[in-house]
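A.B. asks: Sharing final16.cif, mmCIF, C-alpha atoms:
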data_final
#
loop_
_atom_site.label_atom_id
_atom_site.label_comp_id
_atom_site.auth_asym_id
_atom_site.auth_seq_id
_atom_site.Cartn_x
_atom_site.Cartn_y
_atom_site.Cartn_z
CA MET A 1 45.58 28.66 -72.05
CA SER A 2 48.69 29.95 -70.27
CA PRO A 3 50.55 27.76 -67.70
CA ASN A 4 48.99 29.94 -64.99
CA HIS A 5 45.50 28.84 -66.08
CA LEU A 6 46.51 25.20 -65.77
CA ASP A 7 47.82 25.96 -62.25
CA VAL A 8 44.45 27.20 -61.01
CA THR A 9 42.52 24.53 -62.92
CA PHE A 10 44.53 21.63 -61.47
CA ALA A 11 44.49 23.21 -57.97
CA ALA A 12 40.68 23.51 -58.19
CA LEU A 13 40.40 19.84 -59.23
CA ALA A 14 42.50 18.70 -56.23
CA ASP A 15 39.48 18.38 -53.92
CA PRO A 16 36.80 15.64 -53.82
CA THR A 17 33.92 18.05 -53.01
CA ARG A 18 34.83 20.33 -55.91
CA ARG A 19 35.10 17.34 -58.28
CA ALA A 20 31.67 16.13 -57.06
CA ILE A 21 30.19 19.59 -57.70
CA LEU A 22 31.55 19.54 -61.27
CA ALA A 23 30.12 16.03 -61.78
CA ARG A 24 26.71 17.28 -60.65
CA LEU A 25 26.88 20.33 -62.94
CA ALA A 26 27.79 18.16 -65.95
CA SER A 27 24.13 17.05 -65.97
CA GLY A 28 22.79 20.64 -65.85
CA GLU A 29 22.69 23.99 -64.01
CA ALA A 30 22.02 23.97 -60.25
CA SER A 31 21.51 26.55 -57.50
CA VAL A 32 23.83 26.75 -54.47
CA THR A 33 21.11 25.13 -52.30
CA GLU A 34 20.77 22.25 -54.76
CA LEU A 35 24.54 21.86 -54.90
CA ALA A 36 24.86 21.83 -51.09
CA GLU A 37 22.21 19.09 -50.64
CA PRO A 38 24.28 15.94 -51.18
CA PHE A 39 27.11 17.14 -48.89
CA ALA A 40 27.20 17.09 -45.11
CA MET A 41 28.38 20.67 -45.36
CA SER A 42 27.09 24.15 -44.53
CA GLN A 43 26.10 26.43 -47.42
CA PRO A 44 29.01 28.84 -46.66
CA ALA A 45 31.45 25.90 -46.89
CA VAL A 46 29.98 24.94 -50.29
CA SER A 47 30.10 28.60 -51.36
CA LYS A 48 33.83 28.64 -50.62
CA HIS A 49 34.36 25.69 -52.96
CA LEU A 50 32.19 27.38 -55.60
CA LYS A 51 34.38 30.48 -55.37
CA VAL A 52 37.51 28.41 -56.07
CA LEU A 53 35.80 26.78 -59.08
CA GLU A 54 34.59 30.16 -60.33
CA ARG A 55 38.05 31.74 -60.04
CA ALA A 56 39.40 28.81 -62.07
CA GLY A 57 36.76 29.49 -64.73
CA LEU A 58 35.40 25.95 -64.29
CA ILE A 59 31.92 27.27 -63.44
CA SER A 60 29.95 30.44 -64.14
CA ARG A 61 26.61 31.95 -63.04
CA GLY A 62 23.45 31.52 -65.07
CA HIS A 63 21.10 34.38 -65.93
CA ASP A 64 18.31 33.75 -63.37
CA ALA A 65 18.95 36.52 -60.80
CA GLN A 66 16.84 34.80 -58.14
CA ARG A 67 18.36 31.31 -58.22
CA ARG A 68 21.79 32.35 -59.54
CA PRO A 69 22.35 28.83 -60.87
CA ARG A 70 25.92 27.67 -61.44
CA ARG A 71 26.88 25.96 -64.65
CA LEU A 72 29.91 24.02 -65.86
CA GLU A 73 32.33 25.73 -68.27
CA ALA A 74 34.03 23.74 -71.02
CA LYS A 75 37.28 25.59 -71.72
CA PRO A 76 39.44 24.82 -68.63
CA LEU A 77 38.35 21.17 -68.66
CA ALA A 78 39.35 20.93 -72.32
CA ALA A 79 42.73 22.58 -71.61
CA ALA A 80 43.51 20.25 -68.69
CA THR A 81 42.54 17.21 -70.79
CA GLN A 82 44.73 18.48 -73.61
CA TRP A 83 47.74 18.80 -71.30
CA LEU A 84 47.26 15.26 -69.99
CA GLU A 85 46.72 13.95 -73.56
CA ASN A 86 50.45 14.56 -74.19
CA TYR A 87 51.17 11.71 -71.79
CA ARG A 88 48.65 9.22 -73.16
CA GLN A 89 51.21 7.68 -75.50
CA PHE A 90 53.60 7.32 -72.56
CA TRP A 91 51.22 5.52 -70.20
CA GLU A 92 49.51 3.47 -72.88
CA GLY A 93 52.98 2.28 -73.94
CA ARG A 94 53.79 1.34 -70.33
CA PHE A 95 50.56 -0.60 -69.90
CA GLN A 96 51.07 -2.41 -73.22
CA ARG A 97 54.56 -3.48 -72.12
CA LEU A 98 53.08 -4.66 -68.80
CA ASP A 99 50.38 -6.62 -70.66
CA ALA A 100 52.99 -8.20 -72.91
CA LEU A 101 55.06 -9.15 -69.85
CA LEU A 102 52.04 -10.75 -68.15
CA ASP A 103 51.20 -12.69 -71.33
CA GLU A 104 54.80 -13.89 -71.51
CA MET A 105 54.69 -15.03 -67.88
CA LYS A 106 51.40 -16.89 -68.46
CA THR A 107 52.78 -18.67 -71.55
CA GLU A 108 55.93 -19.61 -69.64
CA LYS A 109 53.84 -21.00 -66.74
CA LYS A 110 51.71 -23.05 -69.17
CA ARG A 111 54.81 -24.36 -70.93
CA LYS A 112 56.30 -25.50 -67.60
CA ARG A 113 53.03 -27.15 -66.57
CA THR A 114 52.79 -29.05 -69.89
CA LYS A 115 56.43 -30.15 -69.52
CA ARG A 116 55.72 -31.42 -65.99
CA GLY A 117 52.58 -33.21 -67.28
CA ASN A 118 54.60 -34.93 -70.01
CA ARG A 119 57.16 -36.15 -67.49
CA ARG A 120 54.54 -38.03 -65.43
CA MET B 1 42.48 5.02 -57.65
CA SER B 2 40.63 6.47 -54.65
CA PRO B 3 39.47 10.13 -54.60
CA ASN B 4 42.40 10.84 -52.29
CA HIS B 5 44.87 9.76 -55.00
CA LEU B 6 43.29 12.19 -57.45
CA ASP B 7 43.65 14.95 -54.82
CA VAL B 8 47.42 14.54 -54.57
CA THR B 9 47.81 13.99 -58.33
CA PHE B 10 45.94 17.17 -59.30
CA ALA B 11 47.68 19.17 -56.52
CA ALA B 12 51.06 17.99 -57.83
CA LEU B 13 50.11 19.03 -61.39
CA ALA B 14 49.13 22.55 -60.23
CA ASP B 15 52.65 23.94 -60.67
CA PRO B 16 54.50 24.88 -63.90
CA THR B 17 57.92 23.64 -62.69
CA ARG B 18 56.49 20.26 -61.72
CA ARG B 19 54.68 19.97 -65.06
CA ALA B 20 57.94 20.85 -66.86
CA ILE B 21 59.78 18.16 -64.87
CA LEU B 22 57.19 15.57 -65.93
CA ALA B 23 57.49 16.71 -69.56
CA ARG B 24 61.28 16.21 -69.36
CA LEU B 25 60.89 12.75 -67.78
CA ALA B 26 58.44 11.66 -70.50
CA SER B 27 61.46 11.44 -72.83
CA GLY B 28 63.51 9.33 -70.36
CA GLU B 29 65.03 9.02 -66.88
CA ALA B 30 67.06 11.96 -65.53
CA SER B 31 69.16 12.72 -62.44
CA VAL B 32 68.31 15.60 -60.09
CA THR B 33 71.21 17.64 -61.53
CA GLU B 34 69.93 17.09 -65.08
CA LEU B 35 66.41 18.00 -64.02
CA ALA B 36 67.57 21.20 -62.27
CA GLU B 37 69.55 22.44 -65.35
CA PRO B 38 66.76 24.15 -67.35
CA PHE B 39 65.39 25.99 -64.31
CA ALA B 40 66.76 29.13 -62.68
CA MET B 41 66.40 27.27 -59.42
CA SER B 42 68.64 25.82 -56.72
CA GLN B 43 68.91 22.03 -56.48
CA PRO B 44 67.13 22.01 -53.07
CA ALA B 45 64.21 23.91 -54.62
CA VAL B 46 64.00 21.35 -57.41
CA SER B 47 64.30 18.53 -54.85
CA LYS B 48 61.26 19.92 -53.04
CA HIS B 49 59.22 19.71 -56.26
CA LEU B 50 60.51 16.18 -56.85
CA LYS B 51 59.34 15.17 -53.36
CA VAL B 52 55.81 16.41 -54.15
CA LEU B 53 55.82 14.45 -57.44
CA GLU B 54 57.20 11.37 -55.67
CA ARG B 55 54.55 11.51 -52.93
CA ALA B 56 51.88 11.72 -55.67
CA GLY B 57 53.38 8.59 -57.27
CA LEU B 58 54.00 10.56 -60.49
CA ILE B 59 57.73 9.77 -60.39
CA SER B 60 59.92 7.07 -58.86
CA ARG B 61 63.65 6.45 -58.45
CA GLY B 62 65.61 4.30 -60.87
CA HIS B 63 68.02 1.56 -59.81
CA ASP B 64 71.35 3.36 -60.32
CA ALA B 65 72.35 4.13 -56.70
CA GLN B 66 74.90 6.76 -57.77
CA ARG B 67 72.75 8.90 -60.08
CA ARG B 68 69.39 8.02 -58.48
CA PRO B 69 67.61 8.92 -61.71
CA ARG B 70 63.95 9.86 -61.53
CA ARG B 71 61.46 8.37 -63.94
CA LEU B 72 57.88 9.07 -64.86
CA GLU B 73 55.15 6.73 -63.57
CA ALA B 74 52.14 5.92 -65.70
CA LYS B 75 49.35 5.10 -63.25
CA PRO B 76 48.43 8.51 -61.72
CA LEU B 77 48.59 10.19 -65.15
CA ALA B 78 46.24 7.54 -66.52
CA ALA B 79 43.84 7.99 -63.56
CA ALA B 80 43.76 11.79 -63.91
CA THR B 81 43.15 11.47 -67.67
CA GLN B 82 40.38 8.96 -66.99
CA TRP B 83 38.66 11.34 -64.58
CA LEU B 84 38.79 14.20 -67.12
CA GLU B 85 37.61 11.86 -69.91
CA ASN B 86 34.17 11.85 -68.22
CA TYR B 87 33.82 15.48 -69.25
CA ARG B 88 34.98 15.13 -72.86
CA GLN B 89 31.44 14.59 -74.12
CA PHE B 90 30.36 17.71 -72.23
CA TRP B 91 33.00 20.09 -73.64
CA GLU B 92 33.03 18.59 -77.11
CA GLY B 93 29.25 19.13 -77.17
CA ARG B 94 29.71 22.77 -76.10
CA PHE B 95 32.34 23.43 -78.75
CA GLN B 96 30.20 21.80 -81.44
CA ARG B 97 27.26 24.03 -80.50
CA LEU B 98 29.60 27.04 -80.62
CA ASP B 99 30.85 25.98 -84.07
CA ALA B 100 27.28 25.55 -85.31
CA LEU B 101 26.40 29.01 -83.97
CA LEU B 102 29.40 30.60 -85.73
CA ASP B 103 28.49 28.85 -89.00
CA GLU B 104 24.92 30.11 -88.67
CA MET B 105 26.16 33.67 -88.06
CA LYS B 106 28.47 33.48 -91.12
CA THR B 107 25.64 32.21 -93.34
CA GLU B 108 23.33 34.96 -92.06
CA LYS B 109 25.99 37.63 -92.78
CA LYS B 110 26.52 36.26 -96.32
CA ARG B 111 22.77 36.17 -96.93
CA LYS B 112 22.42 39.83 -95.86
CA ARG B 113 25.40 40.87 -98.00
CA THR B 114 23.93 39.11 -101.08
CA LYS B 115 20.56 40.76 -100.43
CA ARG B 116 22.21 44.21 -100.23
CA GLY B 117 24.17 43.45 -103.44
CA ASN B 118 20.96 42.52 -105.25
CA ARG B 119 19.31 45.78 -104.22
CA ARG B 120 22.04 47.89 -105.84
#
Would you write the structure of this file as structure tokens?

C.D. replies:
Amino acid sequence: MSPNHLDVTFAALADPTRRAILARLASGEASVTELAEPFAMSQPAVSKHLKVLERAGLISRGHDAQRRPRRLEAKPLAAATQWLENYRQFWEGRFQRLDALLDEMKTEKKRKRTKRGNRR
Amino acid sequence: MSPNHLDVTFAALADPTRRAILARLASGEASVTELAEPFAMSQPAVSKHLKVLERAGLISRGHDAQRRPRRLEAKPLAAATQWLENYRQFWEGRFQRLDALLDEMKTEKKRKRTKRGNRR
């Protein structure tokens, strides 16, 4: 996957309707009418979103010529995940340090409370 | 993370320069001058990209008032990874089916070759 592919993939993912369409397609193929149903949106508006997803290679058209169902494509999702995977170590490290800090603060608070209790 | 946060995160990631800046910052804080160095780009152009990343919460400014170093922030990267994680099962399943299909084709080819060999 070239950087250019990641550009169009991430741009396509930057919209809640398009992400909802992908979520729906993860459970199986669906026609444009079926995809439009859950949205308070005209079919042409949904078709526009589908075009963006198709250009990004995130969806393709099934074989049924009548229904022309859309289906989810694996490759761009895998490539985007792979790019973000490079940063997992970074953010997991950050969260671990934050957890350690919180634990330290809790222990310190307990220690102070016990001290105060002993003084009484 | 609300859907809106994912919108700005994914939009910010949809650019090769911004992704390269994040990659650089994953190895430590850097000033704007240091960040501009590897790109054939003016400092104002780089600053524009930094503003997009900052608005998305992907970077923040360090404490040194002179250098104003930028640093990578963990939370939006974790949220974007989490969203894409929902699809891992989907694309891993697809790739496994593809692998199985390729194996089947190889076995079939071998079988045919052996058959032809036996006939000679």

A.B. asks: Under the rule of at most 12 Å, produce a per-residue listing of chain B near chain A: chain, number, name, the closest pair of atoms, and the distance in Å, as JSON lines, using only C-alpha atoms.

C.D. replies:
{"residue": "B:Ser2", "atom": "CA", "partner": "A:Pro16", "partner_atom": "CA", "distance": 10.0}
{"residue": "B:Pro3", "atom": "CA", "partner": "A:Pro16", "partner_atom": "CA", "distance": 6.2}
{"residue": "B:Asn4", "atom": "CA", "partner": "A:Pro16", "partner_atom": "CA", "distance": 7.5}
{"residue": "B:His5", "atom": "CA", "partner": "A:Ala14", "partner_atom": "CA", "distance": 9.3}
{"residue": "B:Leu6", "atom": "CA", "partner": "A:Ala14", "partner_atom": "CA", "distance": 6.7}
{"residue": "B:Asp7", "atom": "CA", "partner": "A:Ala14", "partner_atom": "CA", "distance": 4.2}
{"residue": "B:Val8", "atom": "CA", "partner": "A:Ala14", "partner_atom": "CA", "distance": 6.7}
{"residue": "B:Thr9", "atom": "CA", "partner": "A:Ala14", "partner_atom": "CA", "distance": 7.4}
{"residue": "B:Phe10", "atom": "CA", "partner": "A:Ala14", "partner_atom": "CA", "distance": 4.9}
{"residue": "B:Ala11", "atom": "CA", "partner": "A:Ala14", "partner_atom": "CA", "distance": 5.2}
{"residue": "B:Ala12", "atom": "CA", "partner": "A:Phe10", "partner_atom": "CA", "distance": 8.3}
{"residue": "B:Leu13", "atom": "CA", "partner": "A:Phe10", "partner_atom": "CA", "distance": 6.2}
{"residue": "B:Ala14", "atom": "CA", "partner": "A:Asp7", "partner_atom": "CA", "distance": 4.2}
{"residue": "B:Asp15", "atom": "CA", "partner": "A:Asp7", "partner_atom": "CA", "distance": 5.5}
{"residue": "B:Pro16", "atom": "CA", "partner": "A:Pro3", "partner_atom": "CA", "distance": 6.2}
{"residue": "B:Thr17", "atom": "CA", "partner": "A:Pro3", "partner_atom": "CA", "distance": 9.8}
{"residue": "B:Arg18", "atom": "CA", "partner": "A:Asp7", "partner_atom": "CA", "distance": 10.4}
{"residue": "B:Arg19", "atom": "CA", "partner": "A:Pro3", "partner_atom": "CA", "distance": 9.2}
{"residue": "B:Ala20", "atom": "CA", "partner": "A:Pro3", "partner_atom": "CA", "distance": 10.2}
{"residue": "B:Leu22", "atom": "CA", "partner": "A:Tyr87", "partner_atom": "CA", "distance": 9.2}
{"residue": "B:Ala23", "atom": "CA", "partner": "A:Tyr87", "partner_atom": "CA", "distance": 8.4}
{"residue": "B:Arg24", "atom": "CA", "partner": "A:Tyr87", "partner_atom": "CA", "distance": 11.3}
{"residue": "B:Leu25", "atom": "CA", "partner": "A:Phe90", "partner_atom": "CA", "distance": 10.3}
{"residue": "B:Ala26", "atom": "CA", "partner": "A:Phe90", "partner_atom": "CA", "distance": 6.8}
{"residue": "B:Ser27", "atom": "CA", "partner": "A:Phe90", "partner_atom": "CA", "distance": 8.9}
{"residue": "B:Gly28", "atom": "CA", "partner": "A:Phe90", "partner_atom": "CA", "distance": 10.3}
{"residue": "B:Ala56", "atom": "CA", "partner": "A:Ala14", "partner_atom": "CA", "distance": 11.7}
{"residue": "B:Leu58", "atom": "CA", "partner": "A:Trp91", "partner_atom": "CA", "distance": 11.3}
{"residue": "B:Arg71", "atom": "CA", "partner": "A:Phe90", "partner_atom": "CA", "distance": 11.7}
{"residue": "B:Leu72", "atom": "CA", "partner": "A:Phe90", "partner_atom": "CA", "distance": 9.0}
{"residue": "B:Glu73", "atom": "CA", "partner": "A:Trp91", "partner_atom": "CA", "distance": 7.8}
{"residue": "B:Ala74", "atom": "CA", "partner": "A:Trp91", "partner_atom": "CA", "distance": 4.6}
{"residue": "B:Lys75", "atom": "CA", "partner": "A:Trp91", "partner_atom": "CA", "distance": 7.2}
{"residue": "B:Pro76", "atom": "CA", "partner": "A:Trp91", "partner_atom": "CA", "distance": 9.4}
{"residue": "B:Leu77", "atom": "CA", "partner": "A:Leu84", "partner_atom": "CA", "distance": 7.1}
{"residue": "B:Ala78", "atom": "CA", "partner": "A:Trp91", "partner_atom": "CA", "distance": 6.5}
{"residue": "B:Ala79", "atom": "CA", "partner": "A:Trp91", "partner_atom": "CA", "distance": 10.2}
{"residue": "B:Ala80", "atom": "CA", "partner": "A:Leu84", "partner_atom": "CA", "distance": 7.8}
{"residue": "B:Thr81", "atom": "CA", "partner": "A:Leu84", "partner_atom": "CA", "distance": 6.1}
{"residue": "B:Gln82", "atom": "CA", "partner": "A:Thr81", "partner_atom": "CA", "distance": 9.3}
{"residue": "B:Trp83", "atom": "CA", "partner": "A:Thr81", "partner_atom": "CA", "distance": 9.4}
{"residue": "B:Leu84", "atom": "CA", "partner": "A:Thr81", "partner_atom": "CA", "distance": 6.0}
{"residue": "B:Glu85", "atom": "CA", "partner": "A:Thr81", "partner_atom": "CA", "distance": 7.3}
{"residue": "B:Asn86", "atom": "CA", "partner": "A:Ala23", "partner_atom": "CA", "distance": 8.7}
{"residue": "B:Tyr87", "atom": "CA", "partner": "A:Leu77", "partner_atom": "CA", "distance": 7.3}
{"residue": "B:Arg88", "atom": "CA", "partner": "A:Ala78", "partner_atom": "CA", "distance": 7.3}
{"residue": "B:Gln89", "atom": "CA", "partner": "A:Ala26", "partner_atom": "CA", "distance": 9.6}
{"residue": "B:Phe90", "atom": "CA", "partner": "A:Ala26", "partner_atom": "CA", "distance": 6.8}
{"residue": "B:Trp91", "atom": "CA", "partner": "A:Ala74", "partner_atom": "CA", "distance": 4.6}
{"residue": "B:Glu92", "atom": "CA", "partner": "A:Ala74", "partner_atom": "CA", "distance": 8.0}
{"residue": "B:Gly93", "atom": "CA", "partner": "A:Ala74", "partner_atom": "CA", "distance": 9.1}
{"residue": "B:Arg94", "atom": "CA", "partner": "A:Ala74", "partner_atom": "CA", "distance": 6.7}
{"residue": "B:Phe95", "atom": "CA", "partner": "A:Ala74", "partner_atom": "CA", "distance": 7.9}
{"residue": "B:Gln96", "atom": "CA", "partner": "A:Ala74", "partner_atom": "CA", "distance": 11.3}
{"residue": "B:Arg97", "atom": "CA", "partner": "A:Ala74", "partner_atom": "CA", "distance": 11.7}
{"residue": "B:Leu98", "atom": "CA", "partner": "A:Ala74", "partner_atom": "CA", "distance": 11.1}

A.B. asks: Determine the nearest neighbour of Arg70 (chain A) from the options A:Lys106, A:Arg111, A:Lys51, A:Arg116, counting all atoms listed in the file.

C.D. replies: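 Going through A:Lys106, A:Arg111, A:Lys51, A:Arg116 one by one, the smallest distance to Arg70 (chain A) is for A:Lys51.
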
A.B. asks: Quick one: residues within 12 Å of Asp64 (chain A), only C-alpha atoms counted, chain neighbours fewer than 4 positions away excluded, as a PDB file with C-alpha atoms, keeping the file's coordinate frame?

C.D. replies:
ATOM      1  CA  GLU A  29      22.690  23.990 -64.010  1.00  0.00           C
ATOM      2  CA  ALA A  30      22.020  23.970 -60.250  1.00  0.00           C
ATOM      3  CA  SER A  31      21.510  26.550 -57.500  1.00  0.00           C
ATOM      4  CA  ARG A  68      21.790  32.350 -59.540  1.00  0.00           C
ATOM      5  CA  PRO A  69      22.350  28.830 -60.870  1.00  0.00           C
ATOM      6  CA  ARG A  70      25.920  27.670 -61.440  1.00  0.00           C
ATOM      7  CA  ARG A  71      26.880  25.960 -64.650  1.00  0.00           C
TER       8      ARG A  71
END

A.B. asks: What separation in Å, quoted to one decimal, exists between CA of Val32 (chain B) and CA of Ser47 (chain B)?

C.D. replies: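 Computing it gives 7.2 Å between the two atoms.
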
A.B. asks: Find the distance between CA of Glu34 (chain A) and CA of Ile21 (chain A) and write it in Å to one decimal.

C.D. replies: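 So the two atoms, CA of Glu34 (chain A) and CA of Ile21 (chain A), lie 10.2 Å apart.
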
A.B. asks: By how many Å are CA of Ala65 (chain B) and CA of Ala45 (chain B) apart?

C.D. replies: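 Value for the CA of Ala65 (chain B)-CA of Ala45 (chain B) distance: 21.5 Å.
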
A.B. asks: Box for region 73-86 of chain A: with edges along x, y and z, all listed atoms inside and 4 Å added on each side, what are the centre and edge lengths in Å to one decimal, as AutoDock Vina command-line options?

C.D. replies:
--center_x 41.4 --center_y 19.8 --center_z -71.2 --size_x 26.1 --size_y 19.8 --size_z 13.9
